[in-house]
Each structure stands twice: as C-alpha cells, then as structure tokens.
>>> print(open('entry.json').read())   # JSON, C-alpha atoms
[["chain", "number", "residue", "atom", "x", "y", "z"],
["A", 700, "MET", "CA", -22.28, -0.26, -43.16],
["A", 701, "ASN", "CA", -20.48, -3.48, -42.27],
["A", 702, "TYR", "CA", -18.46, -2.61, -39.16],
["A", 703, "THR", "CA", -17.79, -5.43, -36.73],
["A", 704, "LEU", "CA", -18.01, -5.63, -32.96],
["A", 705, "HIS", "CA", -14.24, -6.06, -32.92],
["A", 706, "GLN", "CA", -13.82, -2.78, -34.78],
["A", 707, "LEU", "CA", -16.08, -1.05, -32.26],
["A", 708, "ARG", "CA", -13.98, -2.35, -29.36],
["A", 709, "VAL", "CA", -10.74, -1.32, -31.05],
["A", 710, "PHE", "CA", -12.07, 2.17, -31.81],
["A", 711, "ILE", "CA", -13.30, 2.70, -28.24],
["A", 712, "GLU", "CA", -9.86, 1.74, -26.93],
["A", 713, "ILE", "CA", -8.20, 4.19, -29.35],
["A", 714, "VAL", "CA", -10.52, 6.98, -28.22],
["A", 715, "GLU", "CA", -9.88, 6.26, -24.54],
["A", 716, "LYS", "CA", -6.10, 5.91, -24.90],
["A", 717, "LYS", "CA", -5.67, 8.69, -27.50],
["A", 718, "SER", "CA", -2.95, 6.52, -28.98],
["A", 719, "ILE", "CA", -2.81, 3.58, -31.38],
["A", 720, "THR", "CA", 0.28, 2.25, -29.61],
["A", 721, "ARG", "CA", -1.33, 2.28, -26.16],
["A", 722, "ALA", "CA", -4.58, 0.88, -27.57],
["A", 723, "ALA", "CA", -2.62, -1.99, -29.12],
["A", 724, "GLU", "CA", -0.93, -2.71, -25.78],
["A", 725, "ALA", "CA", -4.27, -2.72, -23.94],
["A", 726, "LEU", "CA", -5.84, -5.04, -26.52],
["A", 727, "PHE", "CA", -2.78, -7.31, -26.78],
["A", 728, "LEU", "CA", -2.61, -6.64, -30.52],
["A", 729, "THR", "CA", 0.15, -5.36, -32.76],
["A", 730, "GLN", "CA", 0.19, -1.70, -33.70],
["A", 731, "PRO", "CA", -0.29, -2.46, -37.45],
["A", 732, "ALA", "CA", -3.32, -4.64, -36.62],
["A", 733, "VAL", "CA", -4.95, -1.79, -34.70],
["A", 734, "SER", "CA", -4.12, 0.70, -37.47],
["A", 735, "ILE", "CA", -5.77, -1.58, -40.04],
["A", 736, "GLN", "CA", -8.90, -1.93, -37.92],
["A", 737, "LEU", "CA", -9.10, 1.85, -37.50],
["A", 738, "LYS", "CA", -8.71, 2.39, -41.27],
["A", 739, "ASN", "CA", -11.37, -0.22, -42.11],
["A", 740, "PHE", "CA", -13.72, 1.36, -39.58],
["A", 741, "GLN", "CA", -13.01, 4.90, -40.82],
["A", 742, "ASP", "CA", -13.64, 3.86, -44.46],
["A", 743, "GLN", "CA", -17.30, 3.34, -43.59],
["A", 744, "PHE", "CA", -17.84, 7.00, -42.64],
["A", 745, "PRO", "CA", -17.69, 10.10, -44.85],
["A", 746, "ILE", "CA", -16.56, 12.24, -41.91],
["A", 747, "PRO", "CA", -13.16, 11.83, -40.18],
["A", 748, "LEU", "CA", -13.18, 10.04, -36.84],
["A", 749, "THR", "CA", -9.60, 10.99, -35.96],
["A", 750, "GLU", "CA", -6.87, 13.28, -37.18],
["A", 751, "VAL", "CA", -3.13, 13.44, -36.69],
["A", 752, "VAL", "CA", -1.52, 16.79, -35.87],
["A", 753, "SER", "CA", 2.25, 16.98, -35.30],
["A", 754, "LYS", "CA", 2.37, 13.17, -35.05],
["A", 755, "ARG", "CA", -0.26, 13.20, -32.31],
["A", 756, "LEU", "CA", -3.64, 11.50, -32.62],
["A", 757, "TYR", "CA", -6.77, 13.52, -31.93],
["A", 758, "VAL", "CA", -10.38, 12.29, -31.93],
["A", 759, "THR", "CA", -12.82, 14.52, -33.76],
["A", 760, "ASP", "CA", -16.18, 15.57, -32.29],
["A", 761, "PHE", "CA", -17.83, 13.15, -34.68],
["A", 762, "GLY", "CA", -15.43, 10.41, -33.58],
["A", 763, "ASN", "CA", -16.35, 10.99, -29.93],
["A", 764, "GLU", "CA", -20.05, 10.75, -30.81],
["A", 765, "ILE", "CA", -19.47, 7.46, -32.63],
["A", 766, "ALA", "CA", -17.44, 6.14, -29.66],
["A", 767, "GLU", "CA", -20.29, 6.88, -27.24],
["A", 768, "THR", "CA", -22.75, 5.09, -29.52],
["A", 769, "ALA", "CA", -20.33, 2.17, -29.88],
["A", 770, "LYS", "CA", -20.16, 1.83, -26.10],
["A", 771, "ARG", "CA", -23.95, 1.60, -25.90],
["A", 772, "ILE", "CA", -23.99, -1.02, -28.65],
["A", 773, "LEU", "CA", -21.43, -3.18, -26.83],
["A", 774, "ILE", "CA", -23.35, -2.88, -23.57],
["A", 775, "GLU", "CA", -26.45, -4.24, -25.32],
["A", 776, "VAL", "CA", -24.38, -7.02, -26.89],
["A", 777, "ASP", "CA", -23.14, -8.01, -23.43],
["A", 778, "ARG", "CA", -26.73, -8.05, -22.20],
["A", 779, "ILE", "CA", -27.71, -10.37, -25.03],
["A", 780, "ASN", "CA", -24.85, -12.70, -24.13],
["A", 781, "HIS", "CA", -25.80, -12.64, -20.46],
["A", 782, "LYS", "CA", -29.46, -13.39, -21.24],
["A", 783, "THR", "CA", -28.44, -16.28, -23.47],
["A", 784, "GLN", "CA", -26.24, -17.74, -20.76],
["A", 785, "ALA", "CA", -28.99, -17.24, -18.17],
["A", 786, "PHE", "CA", -31.45, -19.18, -20.31],
["A", 787, "GLN", "CA", -28.88, -21.95, -20.51],
["A", 788, "GLY", "CA", -28.95, -22.14, -16.74],
["A", 789, "LYS", "CA", -25.67, -20.30, -16.24],
["A", 790, "LEU", "CA", -25.20, -17.50, -13.72],
["A", 791, "ALA", "CA", -24.20, -14.61, -15.98],
["A", 792, "GLY", "CA", -23.61, -10.88, -15.71],
["A", 793, "SER", "CA", -21.05, -8.68, -14.02],
["A", 794, "LEU", "CA", -19.60, -8.60, -10.51],
["A", 795, "LYS", "CA", -17.57, -5.55, -9.49],
["A", 796, "LEU", "CA", -15.41, -5.26, -6.39],
["A", 797, "ALA", "CA", -13.14, -2.57, -5.01],
["A", 798, "ILE", "CA", -10.58, -3.46, -2.36],
["A", 799, "VAL", "CA", -7.97, -1.56, -0.39],
["A", 800, "SER", "CA", -4.44, -2.37, -1.54],
["A", 801, "THR", "CA", -3.56, -4.72, 1.32],
["A", 802, "GLY", "CA", -6.75, -6.63, 0.51],
["A", 803, "LYS", "CA", -5.03, -8.14, -2.51],
["A", 804, "TYR", "CA", -3.51, -10.65, -0.07],
["A", 805, "VAL", "CA", -7.03, -11.65, 1.05],
["A", 806, "MET", "CA", -9.71, -11.30, -1.61],
["A", 807, "PRO", "CA", -8.39, -13.64, -4.33],
["A", 808, "PHE", "CA", -8.80, -16.61, -1.99],
["A", 809, "TYR", "CA", -12.47, -15.74, -1.39],
["A", 810, "ILE", "CA", -13.37, -15.27, -5.05],
["A", 811, "ALA", "CA", -11.38, -17.95, -6.93],
["A", 812, "ASP", "CA", -13.69, -20.95, -6.50],
["A", 813, "PHE", "CA", -16.81, -18.82, -7.02],
["A", 814, "LEU", "CA", -15.53, -17.64, -10.40],
["A", 815, "GLU", "CA", -14.55, -21.18, -11.34],
["A", 816, "GLN", "CA", -18.07, -22.37, -10.54],
["A", 817, "HIS", "CA", -19.60, -19.58, -12.65],
["A", 818, "PRO", "CA", -17.34, -18.98, -15.68],
["A", 819, "ALA", "CA", -19.93, -16.79, -17.45],
["A", 820, "ILE", "CA", -19.48, -14.00, -14.88],
["A", 821, "ASP", "CA", -17.66, -10.86, -16.01],
["A", 822, "PHE", "CA", -15.54, -10.04, -12.95],
["A", 823, "SER", "CA", -13.58, -6.89, -12.20],
["A", 824, "MET", "CA", -11.64, -5.94, -9.06],
["A", 825, "ASP", "CA", -10.17, -2.49, -8.50],
["A", 826, "VAL", "CA", -7.22, -2.54, -6.09],
["A", 827, "THR", "CA", -6.92, 1.00, -4.76],
["A", 828, "ASN", "CA", -6.78, 3.10, -1.59],
["A", 829, "LYS", "CA", -9.42, 3.45, 1.09],
["A", 830, "GLN", "CA", -10.61, 6.86, -0.12],
["A", 831, "GLN", "CA", -11.34, 5.53, -3.60],
["A", 832, "VAL", "CA", -13.08, 2.44, -2.22],
["A", 833, "VAL", "CA", -15.39, 4.65, -0.12],
["A", 834, "TYR", "CA", -15.99, 6.88, -3.16],
["A", 835, "ASN", "CA", -16.97, 3.84, -5.22],
["A", 836, "LEU", "CA", -19.40, 2.74, -2.51],
["A", 837, "GLU", "CA", -20.89, 6.22, -2.21],
["A", 838, "ASN", "CA", -21.47, 6.41, -5.97],
["A", 839, "ASN", "CA", -22.81, 2.86, -6.23],
["A", 840, "ASP", "CA", -20.11, 2.01, -8.79],
["A", 841, "ILE", "CA", -19.43, -1.43, -7.33],
["A", 842, "ASP", "CA", -21.27, -4.40, -5.88],
["A", 843, "PHE", "CA", -18.95, -5.10, -2.96],
["A", 844, "ALA", "CA", -15.87, -3.75, -1.23],
["A", 845, "LEU", "CA", -13.25, -5.30, 1.03],
["A", 846, "VAL", "CA", -12.14, -3.06, 3.91],
["A", 847, "SER", "CA", -10.40, -3.47, 7.25],
["A", 848, "VAL", "CA", -11.98, -0.35, 8.76],
["A", 849, "MET", "CA", -15.69, 0.29, 8.24],
["A", 850, "PRO", "CA", -16.56, 3.70, 6.74],
["A", 851, "ASP", "CA", -18.53, 5.84, 9.19],
["A", 852, "ASN", "CA", -20.64, 7.76, 6.70],
["A", 853, "LEU", "CA", -22.39, 4.86, 4.95],
["A", 854, "LYS", "CA", -25.05, 2.37, 5.96],
["A", 855, "LEU", "CA", -23.52, -0.95, 5.05],
["A", 856, "ASN", "CA", -24.15, -4.65, 5.36],
["A", 857, "HIS", "CA", -21.04, -6.66, 6.09],
["A", 858, "ILE", "CA", -19.63, -10.17, 6.34],
["A", 859, "PRO", "CA", -16.58, -10.53, 8.61],
["A", 860, "LEU", "CA", -13.81, -12.70, 7.19],
["A", 861, "ILE", "CA", -10.51, -12.78, 9.11],
["A", 862, "LYS", "CA", -8.75, -10.59, 11.63],
["A", 863, "ASN", "CA", -6.30, -7.95, 10.48],
["A", 864, "SER", "CA", -3.39, -7.56, 12.88],
["A", 865, "LEU", "CA", -0.84, -4.75, 12.63],
["A", 866, "PHE", "CA", 2.60, -5.18, 14.24],
["A", 867, "LEU", "CA", 5.70, -3.07, 14.69],
["A", 868, "VAL", "CA", 8.27, -4.55, 12.31],
["A", 869, "GLY", "CA", 11.79, -4.00, 11.03],
["A", 870, "SER", "CA", 14.33, -5.89, 8.95],
["A", 871, "SER", "CA", 15.63, -8.91, 10.85],
["A", 872, "HIS", "CA", 19.20, -7.65, 10.51],
["A", 873, "ARG", "CA", 18.31, -4.20, 11.85],
["A", 874, "VAL", "CA", 16.23, -5.58, 14.73],
["A", 875, "THR", "CA", 18.98, -8.04, 15.72],
["A", 876, "LYS", "CA", 21.78, -5.48, 15.86],
["A", 877, "ARG", "CA", 19.71, -2.79, 17.59],
["A", 878, "LYS", "CA", 20.43, -2.12, 21.25],
["A", 879, "GLY", "CA", 18.56, -0.04, 23.77],
["A", 880, "LYS", "CA", 14.91, 0.41, 24.74],
["A", 881, "LYS", "CA", 12.27, -0.47, 22.19],
["A", 882, "SER", "CA", 10.43, 2.74, 23.01],
["A", 883, "LEU", "CA", 13.35, 4.65, 21.49],
["A", 884, "ILE", "CA", 12.66, 3.14, 18.08],
["A", 885, "PHE", "CA", 10.09, 5.87, 17.48],
["A", 886, "SER", "CA", 12.52, 8.66, 18.33],
["A", 887, "ASP", "CA", 15.79, 7.23, 17.00],
["A", 888, "GLU", "CA", 14.80, 5.29, 13.89],
["A", 889, "PRO", "CA", 13.25, 6.31, 10.56],
["A", 890, "LEU", "CA", 9.55, 5.48, 10.47],
["A", 891, "LEU", "CA", 7.95, 4.31, 7.22],
["A", 892, "TYR", "CA", 4.36, 5.32, 6.52],
["A", 893, "ARG", "CA", 1.78, 4.51, 3.87],
["A", 894, "GLU", "CA", 0.28, 7.43, 1.94],
["A", 895, "LYS", "CA", -2.30, 9.75, 3.53],
["A", 896, "GLY", "CA", -5.79, 8.28, 3.52],
["A", 897, "SER", "CA", -4.52, 4.71, 3.90],
["A", 898, "ALA", "CA", -6.20, 2.73, 6.69],
["A", 899, "THR", "CA", -2.78, 1.35, 7.65],
["A", 900, "ARG", "CA", -1.36, 4.86, 7.99],
["A", 901, "ASN", "CA", -4.38, 6.02, 10.00],
["A", 902, "ALA", "CA", -3.94, 3.11, 12.41],
["A", 903, "MET", "CA", -0.22, 3.80, 12.81],
["A", 904, "GLU", "CA", -0.70, 7.54, 13.39],
["A", 905, "SER", "CA", -3.49, 6.89, 15.88],
["A", 906, "PHE", "CA", -1.32, 4.48, 17.85],
["A", 907, "ILE", "CA", 1.62, 6.91, 17.95],
["A", 908, "GLU", "CA", -0.66, 9.76, 19.02],
["A", 909, "LYS", "CA", -2.35, 7.77, 21.78],
["A", 910, "LYS", "CA", 0.99, 6.61, 23.15],
["A", 911, "ASN", "CA", 2.39, 10.16, 22.82],
["A", 912, "LEU", "CA", 5.38, 8.79, 20.94],
["A", 913, "PRO", "CA", 7.80, 10.91, 18.91],
["A", 914, "SER", "CA", 8.04, 10.34, 15.16],
["A", 915, "ASN", "CA", 10.71, 12.66, 13.84],
["A", 916, "LYS", "CA", 12.03, 10.79, 10.80],
["A", 917, "LYS", "CA", 9.19, 10.05, 8.37],
["A", 918, "ILE", "CA", 9.39, 8.29, 5.02],
["A", 919, "GLU", "CA", 6.22, 7.87, 2.93],
["A", 920, "LEU", "CA", 5.54, 5.07, 0.44],
["A", 921, "THR", "CA", 2.41, 4.60, -1.63],
["A", 922, "SER", "CA", 1.90, 0.84, -1.55],
["A", 923, "ASN", "CA", 2.12, -1.99, 0.94],
["A", 924, "GLU", "CA", 4.55, -3.85, -1.30],
["A", 925, "ALA", "CA", 6.90, -0.85, -1.53],
["A", 926, "LEU", "CA", 6.72, -0.45, 2.25],
["A", 927, "LYS", "CA", 7.56, -4.13, 2.76],
["A", 928, "GLN", "CA", 10.58, -3.97, 0.46],
["A", 929, "ALA", "CA", 11.82, -0.84, 2.23],
["A", 930, "ILE", "CA", 11.57, -2.64, 5.56],
["A", 931, "ILE", "CA", 13.48, -5.66, 4.19],
["A", 932, "ALA", "CA", 16.18, -3.30, 2.90],
["A", 933, "GLY", "CA", 16.63, -1.96, 6.42],
["A", 934, "ILE", "CA", 15.52, 1.60, 5.71],
["A", 935, "GLY", "CA", 13.46, 1.84, 8.90],
["A", 936, "TYR", "CA", 10.57, 0.54, 10.99],
["A", 937, "SER", "CA", 6.82, 0.57, 10.47],
["A", 938, "ILE", "CA", 3.53, -0.74, 11.80],
["A", 939, "MET", "CA", 2.26, -3.12, 9.12],
["A", 940, "PRO", "CA", -0.56, -5.60, 8.55],
["A", 941, "LEU", "CA", 0.57, -9.16, 9.16],
["A", 942, "ILE", "CA", -1.32, -10.39, 6.10],
["A", 943, "GLY", "CA", 1.09, -8.69, 3.71],
["A", 944, "ILE", "CA", 4.40, -9.87, 5.16],
["A", 945, "LYS", "CA", 3.90, -13.62, 5.61],
["A", 946, "ASN", "CA", 6.72, -14.78, 3.33],
["A", 947, "ALA", "CA", 9.12, -12.13, 4.60],
["A", 948, "LEU", "CA", 8.50, -13.33, 8.17],
["A", 949, "LEU", "CA", 8.92, -17.01, 7.27],
["A", 950, "ASN", "CA", 12.10, -16.19, 5.34],
["A", 951, "LYS", "CA", 13.37, -14.20, 8.34],
["A", 952, "GLU", "CA", 13.73, -11.04, 6.26],
["A", 953, "ILE", "CA", 11.39, -9.14, 8.59],
["A", 954, "SER", "CA", 11.00, -9.48, 12.35],
["A", 955, "ILE", "CA", 8.15, -8.48, 14.63],
["A", 956, "VAL", "CA", 9.15, -6.19, 17.49],
["A", 957, "PRO", "CA", 6.95, -6.92, 20.55],
["A", 958, "TYR", "CA", 5.55, -3.64, 21.83],
["A", 959, "THR", "CA", 2.96, -2.74, 24.46],
["A", 960, "GLY", "CA", -0.40, -2.01, 22.88],
["A", 961, "LEU", "CA", 0.38, -3.98, 19.71],
["A", 962, "PRO", "CA", -0.83, -5.64, 17.60],
["A", 963, "ILE", "CA", -3.62, -3.31, 16.52],
["A", 964, "GLU", "CA", -6.58, -5.58, 15.77],
["A", 965, "THR", "CA", -9.18, -4.86, 13.10],
["A", 966, "GLU", "CA", -11.13, -7.20, 10.84],
["A", 967, "TRP", "CA", -11.44, -7.74, 7.12],
["A", 968, "ASN", "CA", -15.04, -7.31, 5.99],
["A", 969, "ILE", "CA", -16.85, -7.68, 2.70],
["A", 970, "VAL", "CA", -19.31, -4.76, 2.65],
["A", 971, "TRP", "CA", -22.13, -3.50, 0.46],
["A", 972, "ARG", "CA", -24.70, -0.73, 0.68],
["A", 973, "LYS", "CA", -27.87, -1.57, 2.58],
["A", 974, "ASP", "CA", -29.96, 0.22, -0.03],
["A", 975, "LYS", "CA", -28.37, -1.58, -2.98],
["A", 976, "ASN", "CA", -30.57, -3.69, -5.25],
["A", 977, "LEU", "CA", -28.54, -6.88, -5.47],
["A", 978, "THR", "CA", -28.33, -8.78, -8.73],
["A", 979, "PRO", "CA", -28.74, -12.57, -8.75],
["A", 980, "ILE", "CA", -24.95, -12.81, -9.08],
["A", 981, "ALA", "CA", -24.41, -10.57, -6.04],
["A", 982, "LYS", "CA", -26.89, -12.63, -4.00],
["A", 983, "ALA", "CA", -25.17, -15.84, -5.07],
["A", 984, "PHE", "CA", -21.81, -14.39, -4.05],
["A", 985, "ILE", "CA", -23.12, -13.50, -0.57],
["A", 986, "ASP", "CA", -24.49, -17.02, -0.17],
["A", 987, "TYR", "CA", -21.18, -18.48, -1.29],
["A", 988, "ILE", "CA", -19.14, -16.36, 1.15],
["A", 989, "ASN", "CA", -21.40, -17.18, 4.10],
["A", 990, "LEU", "CA", -21.18, -20.88, 3.26],
["A", 991, "GLU", "CA", -17.46, -21.14, 2.48],
["A", 992, "LYS", "CA", -15.72, -18.42, 4.53],
["A", 993, "ASP", "CA", -14.77, -20.66, 7.47],
["A", 994, "ALA", "CA", -13.35, -23.34, 5.18],
["A", 995, "ILE", "CA", -11.36, -20.72, 3.25],
["A", 996, "GLN", "CA", -10.02, -19.25, 6.49],
["A", 997, "ASN", "CA", -8.92, -22.66, 7.75],
["A", 998, "LYS", "CA", -7.32, -23.57, 4.43],
["A", 999, "TYR", "CA", -5.44, -20.36, 3.64],
["A", 1000, "PHE", "CA", -5.21, -18.20, 6.76],
["A", 1001, "SER", "CA", -4.74, -20.49, 9.76],
["A", 1002, "TRP", "CA", -1.06, -19.43, 9.79],
["A", 1003, "ILE", "CA", -2.13, -16.03, 11.19],
["A", 1004, "ASN", "CA", -2.76, -17.62, 14.59],
["A", 1005, "GLU", "CA", 0.91, -18.65, 14.83],
["A", 1006, "PHE", "CA", 1.82, -14.98, 15.17],
["A", 1007, "THR", "CA", -1.22, -13.44, 16.86],
["A", 1008, "ASP", "CA", -1.61, -16.07, 19.60],
["A", 1009, "LYS", "CA", 1.93, -15.62, 20.95]]
>>> encode(input="entry.json", output="structure tokens")
Amino acid sequence: MNYTLHQLRVFIEIVEKKSITRAAEALFLTQPAVSIQLKNFQDQFPIPLTEVVSKRLYVTDFGNEIAETAKRILIEVDRINHKTQAFQGKLAGSLKLAIVSTGKYVMPFYIADFLEQHPAIDFSMDVTNKQQVVYNLENNDIDFALVSVMPDNLKLNHIPLIKNSLFLVGSSHRVTKRKGKKSLIFSDEPLLYREKGSATRNAMESFIEKKNLPSNKKIELTSNEALKQAIIAGIGYSIMPLIGIKNALLNKEISIVPYTGLPIETEWNIVWRKDKNLTPIAKAFIDYINLEKDAIQNKYFSWINEFTDK
C-alpha cells in the first residue's frame, strides 16, 4: 500500500463531515481534488470505504475502522514532528484553551506574542459558553480556560488578568430621547439577555433579583456580538460587559446608563485544574503570562479605567 498522510487527512475529514463538499470546504480544497484523493485511497483497499445511496455519502463499517486507525497514525506523526522540533531546541506540542464567548475580546492579546515566540506550537482555542468551558475543564479536555466567574465545583489554579465590569447600556439615541426615572427602564423597556447558562446573563438576573426590579419584556440572544448589535439598533437595554462594547462606546452608538449598584465587577482569570499534569508548553505559558500580563494590560486595556473610574 502506498497511501499518503495527505490521503489519510482527507479521508478522516470525509468521514467526520459525511460529505465530500463539506470536507473540501474544511480542507480549503476543491471538491474534485477531494474526490480524487478519496478514489486513490479507496483503490488501495479491496473492501469499500464509502458508498453512495440516493446521492448521499455513507461510510461503511470498514471505512470507520480505517478512519480510526488513520487518526492514530496521524497522532503518532504529530508526536514525531514535536520530538524533532524539541530536539532542535524548539518548544513544540499542543496548547488547548477554552474561553467564554466574551473572552474573545481578551484572550488574543495574551496569547499572540507567546505563539509568535514559539511557532512550533499547535494552538487551538474553543470560543463557547460557560457551561461548555466548565465541561471541558471537568473532562480534562483542555490545558487552560478563560472565565470571568470561577466555577464552584472544581479545584483550580488561577492567574487574574483584568477586571470585567458590567454596565446598564442602551443605544445612544434611545438613551438620549428617554425621559423619566432610570428605575423605570426595567419595567417600561425591553430587556435583552444572553442565553441561559451565560455568566453575563447570570450576573444580570442576579442584579435584577437583588434589586427586586421588574423585567417584563425579555428578548434572548445567543452571543455577545448579537446582543451588542441589538442594543445599537435600539431594540432595548441590557447589562453588558464593558470589554465587548469599546468601539460602540467610542463611536457613540451605545451609552452607559449610570445606575445604583452598577457596574457589576468581576475579574478575568486564566484557570487550570490543580491536579493537571502540565506539559512543558503549559508551564512556559504560565511563566509567560505571569511575566507579561501587566505590560499587556497597560498596552491594550488601560482604556477600561476611563469608564470604570468615573
């Protein structure tokens, strides 16, 4: 047999996507190129790897077995590459992070220079919701997570980065034309919420409950970006993290509404399990963060004080 590593990667993608078209998109290849690779790979086996029924691609039991073996082969190939790079004095291997969705405005600034210094690192970052981040930590699927609220059920080490401040906000046009008491915003205006399980939503609901405020008109959105755009469009008001609305504030598309008890203050933390066996890459990343976090904060996040110190 003369199959190539490229053919293995293409076949694994086909198996996972159950579609040549979607596999081609994921691999940034043309559909004919993927079809040719599948045919050349299939020609080396006397048993079908896939079959097409009613124009739909199905992977045979044998094909699934070959795919699992191919995955193991590629894992070993990656290990060989990492060992080679390590012997050349390069920090090599994988680094996996999971971050809550609003963390996408924070984490890239803390990882960029580290990755530039160590180009042999295979880096992945899953941007998801808090529940999935906690699940990834519980199952030891990641090296680090970025959260603004520490999970209660896990023993974690942490490195604090910057404060996370949540304000009551509305579109500048809507805030300007509104008359009457600010306390009536919660009873008179539509309130925009993140999805259930979001740390932002939990903070907003907790604030409303503690203040015994009404919240009759609820609209739910499943991302911070969608929530921000809805605010700019004037759909309603929300309590949002400052970190995600910087440009909208500077462009005067969104305005902060001063309100007693706000902002809600939490803190962005890089966390990892206390019982985790850290790789050399993970240890190097911790050292880097501890050494550079203040400089990164001063360079990229000093603007936060302009709003929180008022």
>>> closest_atom_pairs(input="entry.json", of="range 770-832 of chain A", to="range 863-875 of chain A", cutoff="12 Å", atoms="only C-alpha atoms", output="CSV")
residue,atom,partner,partner_atom,distance
A:Thr801,CA,A:Asn863,CA,10.1
A:Gly802,CA,A:Asn863,CA,10.1
A:Tyr804,CA,A:Asn863,CA,11.2
A:Val805,CA,A:Asn863,CA,10.2
>>> write_last_selection(input="entry.json", atoms="C-alpha atoms", output="mmCIF file, in the coordinates of the input")
data_model
loop_
_atom_site.group_PDB
_atom_site.id
_atom_site.type_symbol
_atom_site.label_atom_id
_atom_site.label_comp_id
_atom_site.auth_asym_id
_atom_site.auth_seq_id
_atom_site.Cartn_x
_atom_site.Cartn_y
_atom_site.Cartn_z
ATOM 1 C CA THR A 801 -3.560 -4.720 1.320
ATOM 2 C CA GLY A 802 -6.750 -6.630 0.510
ATOM 3 C CA TYR A 804 -3.510 -10.650 -0.070
ATOM 4 C CA VAL A 805 -7.030 -11.650 1.050
#
>>> atom_distance(input="entry.json", atom1="CA of Asn838 in chain A", atom2="CA of Ser793 in chain A")
17.1 Å
>>> closest_residue(input="entry.json", among="A:His817, A:Lys881, A:Arg893, A:Arg778", to="Pro940 in chain A", atoms="only C-alpha atoms")
A:Arg893
>>> residues_around(input="entry.json", residues="Leu853 in chain A", least_positions_apart="6", cutoff="10 Å", atoms="all atoms listed in the file", output="list of chain:residue names")
A:Val833, A:Leu836, A:Glu837, A:Trp971, A:Arg972, A:Lys973
>>> closest_residue(input="entry.json", among="A:Ile942, A:Val970, A:Leu883, A:Met700", to="Pro913 in chain A", atoms="all atoms listed in the file")
A:Leu883
>>> atom_distance(input="entry.json", atom1="CA of Phe1000 in chain A", atom2="CA of Ile861 in chain A")
7.9 Å
>>> residues_around(input="entry.json", residues="range 896-909 of chain A", least_positions_apart="2", cutoff="9 Å", atoms="only C-alpha atoms", output="ChimeraX atom specification")
/A:799-801,828-830,846-848,865,885,892-894,911-914,921,923,937-940,960-961,963
>>> write_last_selection(input="entry.json", atoms="C-alpha atoms", output="compact mmCIF listing (two decimals), keeping the file's coordinate frame")
# COMPACT_ATOMS: atom_id res chain seq x y z
CA VAL A 799 -7.97 -1.56 -0.39
CA SER A 800 -4.44 -2.37 -1.54
CA THR A 801 -3.56 -4.72 1.32
CA ASN A 828 -6.78 3.10 -1.59
CA LYS A 829 -9.42 3.45 1.09
CA GLN A 830 -10.61 6.86 -0.12
CA VAL A 846 -12.14 -3.06 3.91
CA SER A 847 -10.40 -3.47 7.25
CA VAL A 848 -11.98 -0.35 8.76
CA LEU A 865 -0.84 -4.75 12.63
CA PHE A 885 10.09 5.87 17.48
CA TYR A 892 4.36 5.32 6.52
CA ARG A 893 1.78 4.51 3.87
CA GLU A 894 0.28 7.43 1.94
CA ASN A 911 2.39 10.16 22.82
CA LEU A 912 5.38 8.79 20.94
CA PRO A 913 7.80 10.91 18.91
CA SER A 914 8.04 10.34 15.16
CA THR A 921 2.41 4.60 -1.63
CA ASN A 923 2.12 -1.99 0.94
CA SER A 937 6.82 0.57 10.47
CA ILE A 938 3.53 -0.74 11.80
CA MET A 939 2.26 -3.12 9.12
CA PRO A 940 -0.56 -5.60 8.55
CA GLY A 960 -0.40 -2.01 22.88
CA LEU A 961 0.38 -3.98 19.71
CA ILE A 963 -3.62 -3.31 16.52
>>> residues_near_point(input="entry.json", point="(-13.5, 1.0, -35.1)", cutoff="10 Å", atoms="only C-alpha atoms", output="list in words")
Tyr702, Thr703, Leu704, His705, Gln706, Leu707, Arg708, Val709, Phe710, Ile711, Glu712, Ile713, Val714, Val733, Ser734, Ile735, Gln736, Leu737, Lys738, Asn739, Phe740, Gln741, Asp742, Gln743, Leu748, Gly762, Ile765, Ala766 and Ala769 of chain A
